[in-house]
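See structure below.
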Amino acid sequence: MASARLKVPKKAKKGDIITVKSLIKHKMETGQRKGKDGKPIPRMIIKNVTATYNGAEVFSADWAPAVSANPFLSFKVRATESGTIELKWTDDNGKVVSQSAKITVQ
Amino acid sequence: MKIRQLLLALTGTIAVAGLGLGFVVSQTTSAKAEGIRSGYTYATKETQGLQDDEMSNPGYLWVDTGEDLWSKAEGDAGKSCNDCHGDAADSMKKAGVSYPKYKDDIGKMQNIEQRINQCRTDNMKAKAWKWESNQLLSMTTYVRNQSTGMPVSVAVDGPAKPFFEKGKAFFNQRRGLLDMACKHCHEDNAGNLIRANVLSQGQINGFPVYRLKWGKVGSSHRRFRGCNKQVRAKPFKNGSDEYVNLELYVAWRGRGLPVETPAVRN
């Protein structure tokens, strides 16, 4: 089930700076709230997001509990070669969601 | 009409170009003339920007899930939505503007959620989805998203007339410990502050809406329940006749407003 979106320009000129946009469905439970029974709700956030461009890491972030639910992430990267940009989100359970998009560089 | 579609197309292009934040082109040109305002116009620029860009609007995550469910076969009949209706972009194009609709077989009004579930139980022989479940919300959002930009136009005459009157009465009926009717906030005081919040006209053209407070998408009935609780009244059930009639009346109040599903609100 698609729970993440990733948008990369389909075409770019070599050397151009492109914007990568992404969105993922995640509840991002902070671990600081209490449930109806008065017990704390365990923390469940995306702790790391990593972007690779043809296998090489170009962006990485460690997220903290203050990041919103269903977080949006956008960053810029220089288009060097045709290939795939892949994003991987890892949450506290170790569950990894990945999404990739292709780009053609002329 | 043509000019408006052009305007909408223009807004779309601008948003895709990533400049959505700076531009707030009126989406409600004709409806505005009658003083009808979408909740969009009450939202902050940041919230509007979030809604305008498909890549930043979290509601589209539910649209995606709905799209997946559309072609997933379920139930004893082994059919998916796609098997009967084909491409949703064609078959569901007008569904978002005309519901709630009067249905002969049940003798009352039916909204999109109920229509989806009827299709599931009658045609797919599958279990009905629970109200506010991930699946029902996703499917409703997906179906209504096909009508984005089209003006809301529900039928309130003929067999729908008595239900419309009931919805109107509900809207104007005082209720709860605070003894307030819907109209006291959303008709008499729209645009004014209620403590730190701006009251909107209570239009539902953007529903199912991604509410930042909820952190997810929710139906208009969930919103009705929230409103009823705030005036210390006992809320009705999701999908109750009272709320479906109210949905019809509220949809009629916002006639001519473009469907914005999935809208983003605070």
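Residue numbering restarts at 1 in every chain; chains get A, B, ... in the order shown in the structure tokens, and ligands count up from 1 in that same order.
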Practice task
For chain B, work out the contacting residues on chain A at 9 Å, counting only C-alpha atoms, and write them as number ranges by chain.
Solution key: A: 1-7, 21-25, 27, 68-73
For the selection you just gave me, I'd like the residues written to a file as a PDB file, in the first residue's frame, keeping C-alpha atoms.
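Saved file result-v3.pdb follows:
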```pdb
ATOM      1  CA  MET A   1       0.000   0.000   0.000  1.00  0.00           C
ATOM      2  CA  ALA A   2       1.337   3.274  -1.025  1.00  0.00           C
ATOM      3  CA  SER A   3       2.023   5.198   2.129  1.00  0.00           C
ATOM      4  CA  ALA A   4       4.700   7.495   0.797  1.00  0.00           C
ATOM      5  CA  ARG A   5       4.947   9.967  -2.046  1.00  0.00           C
ATOM      6  CA  LEU A   6       8.080  11.107  -3.775  1.00  0.00           C
ATOM      7  CA  LYS A   7       8.425  13.685  -6.486  1.00  0.00           C
ATOM      8  CA  LYS A  21       9.707  16.497  -2.374  1.00  0.00           C
ATOM      9  CA  SER A  22       8.373  13.710  -0.245  1.00  0.00           C
ATOM     10  CA  LEU A  23       5.472  12.892   2.002  1.00  0.00           C
ATOM     11  CA  ILE A  24       4.911   9.861   4.199  1.00  0.00           C
ATOM     12  CA  LYS A  25       1.973   8.600   6.210  1.00  0.00           C
ATOM     13  CA  LYS A  27       1.445   8.860  13.123  1.00  0.00           C
ATOM     14  CA  SER A  68       4.679  16.474  12.821  1.00  0.00           C
ATOM     15  CA  ALA A  69       2.490  13.549  11.861  1.00  0.00           C
ATOM     16  CA  ASN A  70       2.583  12.654   8.153  1.00  0.00           C
ATOM     17  CA  PRO A  71       5.795  14.636   7.672  1.00  0.00           C
ATOM     18  CA  PHE A  72       6.698  16.479   4.505  1.00  0.00           C
ATOM     19  CA  LEU A  73      10.329  16.672   3.519  1.00  0.00           C
TER      20      LEU A  73
END
```
Problem - All residues 12 Å or closer to stretch 39-42 of chain A, only C-alpha atoms, same chain fewer than 4 positions away omitted, as a PyMOL selection string - result: chain A and resi 27-35+65+92-93
Create the file for the chosen residues now, containing N, CA, C and O atoms and written as a PDB file, in the first residue's frame.
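Now in out21.pdb:
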```
ATOM      1  N   LYS A  27       2.118   8.153  12.029  1.00  0.00           N
ATOM      2  CA  LYS A  27       1.445   8.860  13.123  1.00  0.00           C
ATOM      3  C   LYS A  27       2.405   9.687  13.966  1.00  0.00           C
ATOM      4  O   LYS A  27       1.999  10.619  14.638  1.00  0.00           O
ATOM      5  N   MET A  28       3.700   9.371  13.949  1.00  0.00           N
ATOM      6  CA  MET A  28       4.713  10.121  14.700  1.00  0.00           C
ATOM      7  C   MET A  28       4.294  10.355  16.157  1.00  0.00           C
ATOM      8  O   MET A  28       4.220  11.487  16.637  1.00  0.00           O
ATOM      9  N   GLU A  29       4.041   9.269  16.840  1.00  0.00           N
ATOM     10  CA  GLU A  29       3.631   9.350  18.251  1.00  0.00           C
ATOM     11  C   GLU A  29       4.836   9.775  19.087  1.00  0.00           C
ATOM     12  O   GLU A  29       5.883   9.125  19.051  1.00  0.00           O
ATOM     13  N   THR A  30       4.685  10.866  19.867  1.00  0.00           N
ATOM     14  CA  THR A  30       5.856  11.452  20.519  1.00  0.00           C
ATOM     15  C   THR A  30       6.364  10.667  21.717  1.00  0.00           C
ATOM     16  O   THR A  30       7.509  10.824  22.117  1.00  0.00           O
ATOM     17  N   GLY A  31       5.501   9.887  22.325  1.00  0.00           N
ATOM     18  CA  GLY A  31       5.897   9.186  23.543  1.00  0.00           C
ATOM     19  C   GLY A  31       5.656  10.013  24.788  1.00  0.00           C
ATOM     20  O   GLY A  31       5.955   9.603  25.902  1.00  0.00           O
ATOM     21  N   GLN A  32       5.110  11.215  24.583  1.00  0.00           N
ATOM     22  CA  GLN A  32       4.880  12.099  25.729  1.00  0.00           C
ATOM     23  C   GLN A  32       3.406  12.246  26.052  1.00  0.00           C
ATOM     24  O   GLN A  32       3.030  13.016  26.934  1.00  0.00           O
ATOM     25  N   ARG A  33       2.565  11.521  25.319  1.00  0.00           N
ATOM     26  CA  ARG A  33       1.134  11.629  25.587  1.00  0.00           C
ATOM     27  C   ARG A  33       0.669  10.433  26.410  1.00  0.00           C
ATOM     28  O   ARG A  33       1.292   9.381  26.407  1.00  0.00           O
ATOM     29  N   LYS A  34      -0.467  10.629  27.088  1.00  0.00           N
ATOM     30  CA  LYS A  34      -1.045   9.528  27.852  1.00  0.00           C
ATOM     31  C   LYS A  34      -2.329   9.080  27.195  1.00  0.00           C
ATOM     32  O   LYS A  34      -3.086   9.905  26.663  1.00  0.00           O
ATOM     33  N   GLY A  35      -2.584   7.792  27.243  1.00  0.00           N
ATOM     34  CA  GLY A  35      -3.811   7.254  26.677  1.00  0.00           C
ATOM     35  C   GLY A  35      -4.966   7.407  27.637  1.00  0.00           C
ATOM     36  O   GLY A  35      -4.827   7.982  28.711  1.00  0.00           O
ATOM     37  N   PRO A  65      11.049  13.759  18.240  1.00  0.00           N
ATOM     38  CA  PRO A  65       9.600  13.679  18.437  1.00  0.00           C
ATOM     39  C   PRO A  65       8.835  14.938  18.033  1.00  0.00           C
ATOM     40  O   PRO A  65       7.618  14.891  17.891  1.00  0.00           O
ATOM     41  N   ASP A  92      10.804   3.610  14.669  1.00  0.00           N
ATOM     42  CA  ASP A  92      11.290   3.022  15.923  1.00  0.00           C
ATOM     43  C   ASP A  92      11.174   1.500  15.943  1.00  0.00           C
ATOM     44  O   ASP A  92      11.906   0.814  16.650  1.00  0.00           O
ATOM     45  N   ASN A  93      10.211   0.960  15.194  1.00  0.00           N
ATOM     46  CA  ASN A  93      10.057  -0.494  15.142  1.00  0.00           C
ATOM     47  C   ASN A  93      11.052  -1.138  14.188  1.00  0.00           C
ATOM     48  O   ASN A  93      11.065  -2.343  14.031  1.00  0.00           O
TER      49      ASN A  93
END
```
Practice task
Write out as a ChimeraX atom specification each polymer residue whose atoms come within 10 Å of B:Gly39, counting only C-alpha atoms; drop sequence neighbours fewer than 2 positions from it.
Solution key: /B:36-37,41-43,48,199-206,260,263-265
Would you mind exporting N, CA, C and O atoms of the selected residues as a compact mmCIF listing (two decimals), in the first residue's frame?
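Contents of part.txt, as written:
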```txt
# COMPACT_ATOMS: atom_id res chain seq x y z
N ILE B 36 -20.93 33.42 -0.30
CA ILE B 36 -20.56 32.10 0.18
C ILE B 36 -19.05 31.97 0.11
O ILE B 36 -18.45 32.20 -0.94
N ARG B 37 -18.44 31.64 1.24
CA ARG B 37 -16.99 31.54 1.29
C ARG B 37 -16.56 30.16 1.73
O ARG B 37 -17.07 29.62 2.72
N THR B 41 -10.74 30.26 2.39
CA THR B 41 -10.49 31.69 2.46
C THR B 41 -10.26 32.16 3.89
O THR B 41 -9.78 33.26 4.12
N TYR B 42 -10.65 31.33 4.87
CA TYR B 42 -10.42 31.70 6.26
C TYR B 42 -9.08 31.17 6.77
O TYR B 42 -8.62 31.56 7.83
N ALA B 43 -8.51 30.24 6.00
CA ALA B 43 -7.27 29.60 6.47
C ALA B 43 -6.09 30.56 6.30
O ALA B 43 -6.13 31.50 5.51
N GLN B 48 -3.10 27.31 3.37
CA GLN B 48 -3.53 27.30 1.97
C GLN B 48 -2.45 26.73 1.07
O GLN B 48 -2.71 25.95 0.16
N LEU B 199 -14.14 31.95 13.16
CA LEU B 199 -15.26 31.08 12.78
C LEU B 199 -15.42 31.11 11.28
O LEU B 199 -15.42 32.18 10.66
N SER B 200 -15.60 29.94 10.68
CA SER B 200 -15.83 29.90 9.24
C SER B 200 -17.33 29.76 9.02
O SER B 200 -18.11 29.70 9.96
N GLN B 201 -17.69 29.71 7.75
CA GLN B 201 -19.11 29.51 7.45
C GLN B 201 -19.54 28.06 7.63
O GLN B 201 -20.72 27.74 7.45
N GLY B 202 -18.62 27.21 7.95
CA GLY B 202 -18.96 25.81 8.16
C GLY B 202 -19.29 25.09 6.88
O GLY B 202 -20.17 24.23 6.85
N GLN B 203 -18.58 25.44 5.81
CA GLN B 203 -18.82 24.77 4.52
C GLN B 203 -18.11 23.42 4.49
O GLN B 203 -17.04 23.27 5.09
N ILE B 204 -18.70 22.47 3.76
CA ILE B 204 -18.10 21.14 3.74
C ILE B 204 -17.59 20.75 2.36
O ILE B 204 -17.42 19.57 2.07
N ASN B 205 -17.30 21.75 1.52
CA ASN B 205 -16.85 21.44 0.16
C ASN B 205 -15.48 20.78 0.12
O ASN B 205 -15.10 20.20 -0.88
N GLY B 206 -14.73 20.86 1.23
CA GLY B 206 -13.39 20.27 1.23
C GLY B 206 -13.33 18.91 1.89
O GLY B 206 -12.27 18.32 1.98
N GLU B 260 -13.00 20.74 -2.87
CA GLU B 260 -11.56 20.92 -2.60
C GLU B 260 -10.91 19.67 -2.04
O GLU B 260 -9.75 19.71 -1.65
N ALA B 263 -9.06 18.91 1.35
CA ALA B 263 -8.65 20.24 1.79
C ALA B 263 -7.81 20.10 3.07
O ALA B 263 -7.84 19.06 3.72
N VAL B 264 -7.08 21.15 3.41
CA VAL B 264 -6.33 21.16 4.66
C VAL B 264 -6.88 22.29 5.53
O VAL B 264 -7.03 23.42 5.06
N ARG B 265 -7.24 21.96 6.74
CA ARG B 265 -7.74 22.96 7.68
C ARG B 265 -7.02 22.83 9.01
O ARG B 265 -6.45 21.79 9.29
```
Practice task
Name the residues in contact with B:Gly107 at a cut-off of 12 Å, using only C-alpha atoms, excluding same-chain residues fewer than 6 positions from it; report them as an MDAnalysis selection string.
Solution key: chainID B and resid 101 159:160 162:163 241
Residues of the last selection are to be written out with C-alpha atoms, as a CSV table (one decimal), in the first residue's frame.
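Below is the file that was written, result.csv:
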```
chain,number,residue,atom,x,y,z
B,101,LYS,CA,-28.6,12.0,-2.9
B,159,PRO,CA,-38.2,13.6,-3.0
B,160,ALA,CA,-35.2,15.2,-1.2
B,162,PRO,CA,-38.5,16.8,3.3
B,163,PHE,CA,-35.0,15.7,4.2
B,241,ASP,CA,-30.2,10.2,9.4
```
Handout entry: All alpha helix (DSSP H) residues (DSSP, backbone) inside stretch 71-263 of chain B, as an MDAnalysis selection string
Key = chainID B and resid 81:85 88:91 95:98 112:118 134:145 161:172 182:186 220:230 241:253
Exercise for the section: Mind checking which residues fall within 12 Å of B:Tyr243, counting only C-alpha atoms, ignoring those fewer than 6 positions away in the same chain, and posting them as a PyMOL selection string? Expected result: chain B and resi 100+109-111+163-164+166-171+219-225+227-228+235-237+249-251
Produce a file of the selected residues containing N, CA and C atoms, as a tab-separated table (two decimals), in the first residue's frame.
```tsv
chain	number	residue	atom	x	y	z
B	100	PRO	N	-25.05	14.38	-0.63
B	100	PRO	CA	-25.99	13.28	-0.45
B	100	PRO	C	-27.13	13.31	-1.49
B	109	MET	N	-32.07	9.81	2.28
B	109	MET	CA	-30.85	10.35	1.69
B	109	MET	C	-29.69	9.38	1.94
B	110	GLN	N	-28.75	9.44	1.01
B	110	GLN	CA	-27.56	8.60	1.17
B	110	GLN	C	-26.34	9.45	0.81
B	111	ASN	N	-25.29	9.35	1.64
B	111	ASN	CA	-24.08	10.10	1.29
B	111	ASN	C	-23.03	9.17	0.69
B	163	PHE	N	-36.26	15.95	3.47
B	163	PHE	CA	-34.99	15.72	4.17
B	163	PHE	C	-34.18	17.00	4.27
B	164	PHE	N	-34.29	17.80	3.20
B	164	PHE	CA	-33.63	19.10	3.21
B	164	PHE	C	-34.19	19.97	4.33
B	166	LYS	N	-35.59	18.95	7.05
B	166	LYS	CA	-35.13	18.41	8.34
B	166	LYS	C	-33.71	18.88	8.64
B	167	GLY	N	-32.88	18.86	7.63
B	167	GLY	CA	-31.50	19.31	7.80
B	167	GLY	C	-31.45	20.78	8.17
B	168	LYS	N	-32.30	21.55	7.52
B	168	LYS	CA	-32.35	22.98	7.78
B	168	LYS	C	-32.81	23.24	9.21
B	169	ALA	N	-33.80	22.46	9.65
B	169	ALA	CA	-34.30	22.61	11.02
B	169	ALA	C	-33.21	22.26	12.02
B	170	PHE	N	-32.45	21.22	11.71
B	170	PHE	CA	-31.35	20.81	12.59
B	170	PHE	C	-30.34	21.94	12.71
B	171	PHE	N	-30.05	22.58	11.59
B	171	PHE	CA	-29.05	23.65	11.55
B	171	PHE	C	-29.47	24.83	12.42
B	219	SER	N	-14.12	12.71	8.24
B	219	SER	CA	-15.35	12.96	7.49
B	219	SER	C	-16.10	14.16	8.06
B	220	SER	N	-17.08	14.63	7.30
B	220	SER	CA	-17.89	15.76	7.77
B	220	SER	C	-18.66	15.37	9.03
B	221	HIS	N	-19.04	14.08	9.12
B	221	HIS	CA	-19.80	13.66	10.30
B	221	HIS	C	-18.95	13.71	11.56
B	222	ARG	N	-17.67	13.42	11.41
B	222	ARG	CA	-16.77	13.55	12.56
B	222	ARG	C	-16.73	15.01	13.02
B	223	ARG	N	-16.73	15.91	12.04
B	223	ARG	CA	-16.71	17.34	12.35
B	223	ARG	C	-18.00	17.77	13.02
B	224	PHE	N	-19.13	17.24	12.50
B	224	PHE	CA	-20.43	17.55	13.12
B	224	PHE	C	-20.44	17.11	14.58
B	225	ARG	N	-19.90	15.91	14.81
B	225	ARG	CA	-19.86	15.40	16.18
B	225	ARG	C	-19.02	16.31	17.07
B	227	CYS	N	-18.45	19.52	16.66
B	227	CYS	CA	-19.21	20.75	16.87
B	227	CYS	C	-20.27	20.54	17.94
B	228	ASN	N	-21.00	19.44	17.82
B	228	ASN	CA	-22.06	19.16	18.79
B	228	ASN	C	-21.51	19.00	20.21
B	235	PRO	N	-23.68	14.12	20.79
B	235	PRO	CA	-23.58	13.99	19.34
B	235	PRO	C	-24.36	12.78	18.83
B	236	PHE	N	-24.79	12.85	17.58
B	236	PHE	CA	-25.44	11.71	16.95
B	236	PHE	C	-24.36	10.78	16.41
B	237	LYS	N	-24.82	9.60	15.97
B	237	LYS	CA	-23.84	8.64	15.44
B	237	LYS	C	-23.38	9.06	14.05
B	249	TYR	N	-28.16	19.75	3.84
B	249	TYR	CA	-28.42	21.18	3.98
B	249	TYR	C	-27.13	22.00	3.91
B	250	VAL	N	-26.10	21.51	4.58
B	250	VAL	CA	-24.82	22.25	4.60
B	250	VAL	C	-24.19	22.26	3.21
B	251	ALA	N	-24.32	21.13	2.49
B	251	ALA	CA	-23.80	21.10	1.11
B	251	ALA	C	-24.54	22.13	0.26
```
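Our summary of the geometry notes that atom CA of B:Asp104 is positioned 16.3 Å from atom CA of B:Leu248.
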Practice task
Just the residues within 6 Å of stretch 54-64 of chain A, please, counting only C-alpha atoms, with nothing from its chain fewer than 5 positions along; format it as a PyMOL selection string.
Solution key: chain A and resi 47-49+83-84
Handout entry: Neighbour list for A:Lys13 as a PyMOL selection string, cut-off 6 Å, only C-alpha atoms, skip fewer than 2 positions in-chain
Key = chain A and resi 16+105-106
Write the residues of the preceding selection, restricted to C-alpha atoms, as a compact mmCIF listing (two decimals), in the first residue's frame.
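The resulting file, selection-v3.txt, is reproduced below:
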```txt
# COMPACT_ATOMS: atom_id res chain seq x y z
CA ASP A 16 21.03 21.82 -12.33
CA VAL A 105 19.80 14.05 -16.89
CA GLN A 106 20.79 15.50 -20.25
```
Practice task
as a PyMOL selection string, please: all residues of stretch 146-252 of chain B that backbone DSSP puts in strand (DSSP E).
Solution key: chain B and resi 193-194+197-198+209-211+216-218
Once you have the residues from the selection above, write them out as a short mmCIF file (atom, residue, chain, number, x, y, z; two decimals), in the first residue's frame, restricted to N, CA and C atoms.
```cif
data_model
loop_
_atom_site.label_atom_id
_atom_site.label_comp_id
_atom_site.auth_asym_id
_atom_site.auth_seq_id
_atom_site.Cartn_x
_atom_site.Cartn_y
_atom_site.Cartn_z
N LEU B 193 -14.14 36.22 15.73
CA LEU B 193 -13.30 35.35 16.54
C LEU B 193 -14.13 34.62 17.59
N ILE B 194 -13.82 33.35 17.79
CA ILE B 194 -14.33 32.65 18.96
C ILE B 194 -13.10 32.29 19.76
N ASN B 197 -9.86 31.54 17.68
CA ASN B 197 -10.10 30.97 16.35
C ASN B 197 -11.08 31.80 15.54
N VAL B 198 -10.85 31.84 14.24
CA VAL B 198 -11.80 32.51 13.36
C VAL B 198 -12.90 31.52 13.00
N VAL B 209 -11.63 16.07 4.97
CA VAL B 209 -10.62 17.11 5.07
C VAL B 209 -9.45 16.64 5.93
N TYR B 210 -8.24 17.05 5.56
CA TYR B 210 -7.09 16.77 6.42
C TYR B 210 -7.04 17.88 7.46
N ARG B 211 -7.30 17.50 8.69
CA ARG B 211 -7.28 18.51 9.75
C ARG B 211 -5.98 18.38 10.52
N LYS B 216 -4.91 13.70 10.66
CA LYS B 216 -5.34 12.75 9.65
C LYS B 216 -6.59 13.29 8.95
N VAL B 217 -7.07 12.48 8.00
CA VAL B 217 -8.26 12.88 7.27
C VAL B 217 -9.50 12.48 8.08
N GLY B 218 -10.53 13.30 8.01
CA GLY B 218 -11.77 12.96 8.73
C GLY B 218 -12.98 13.35 7.92
#
```
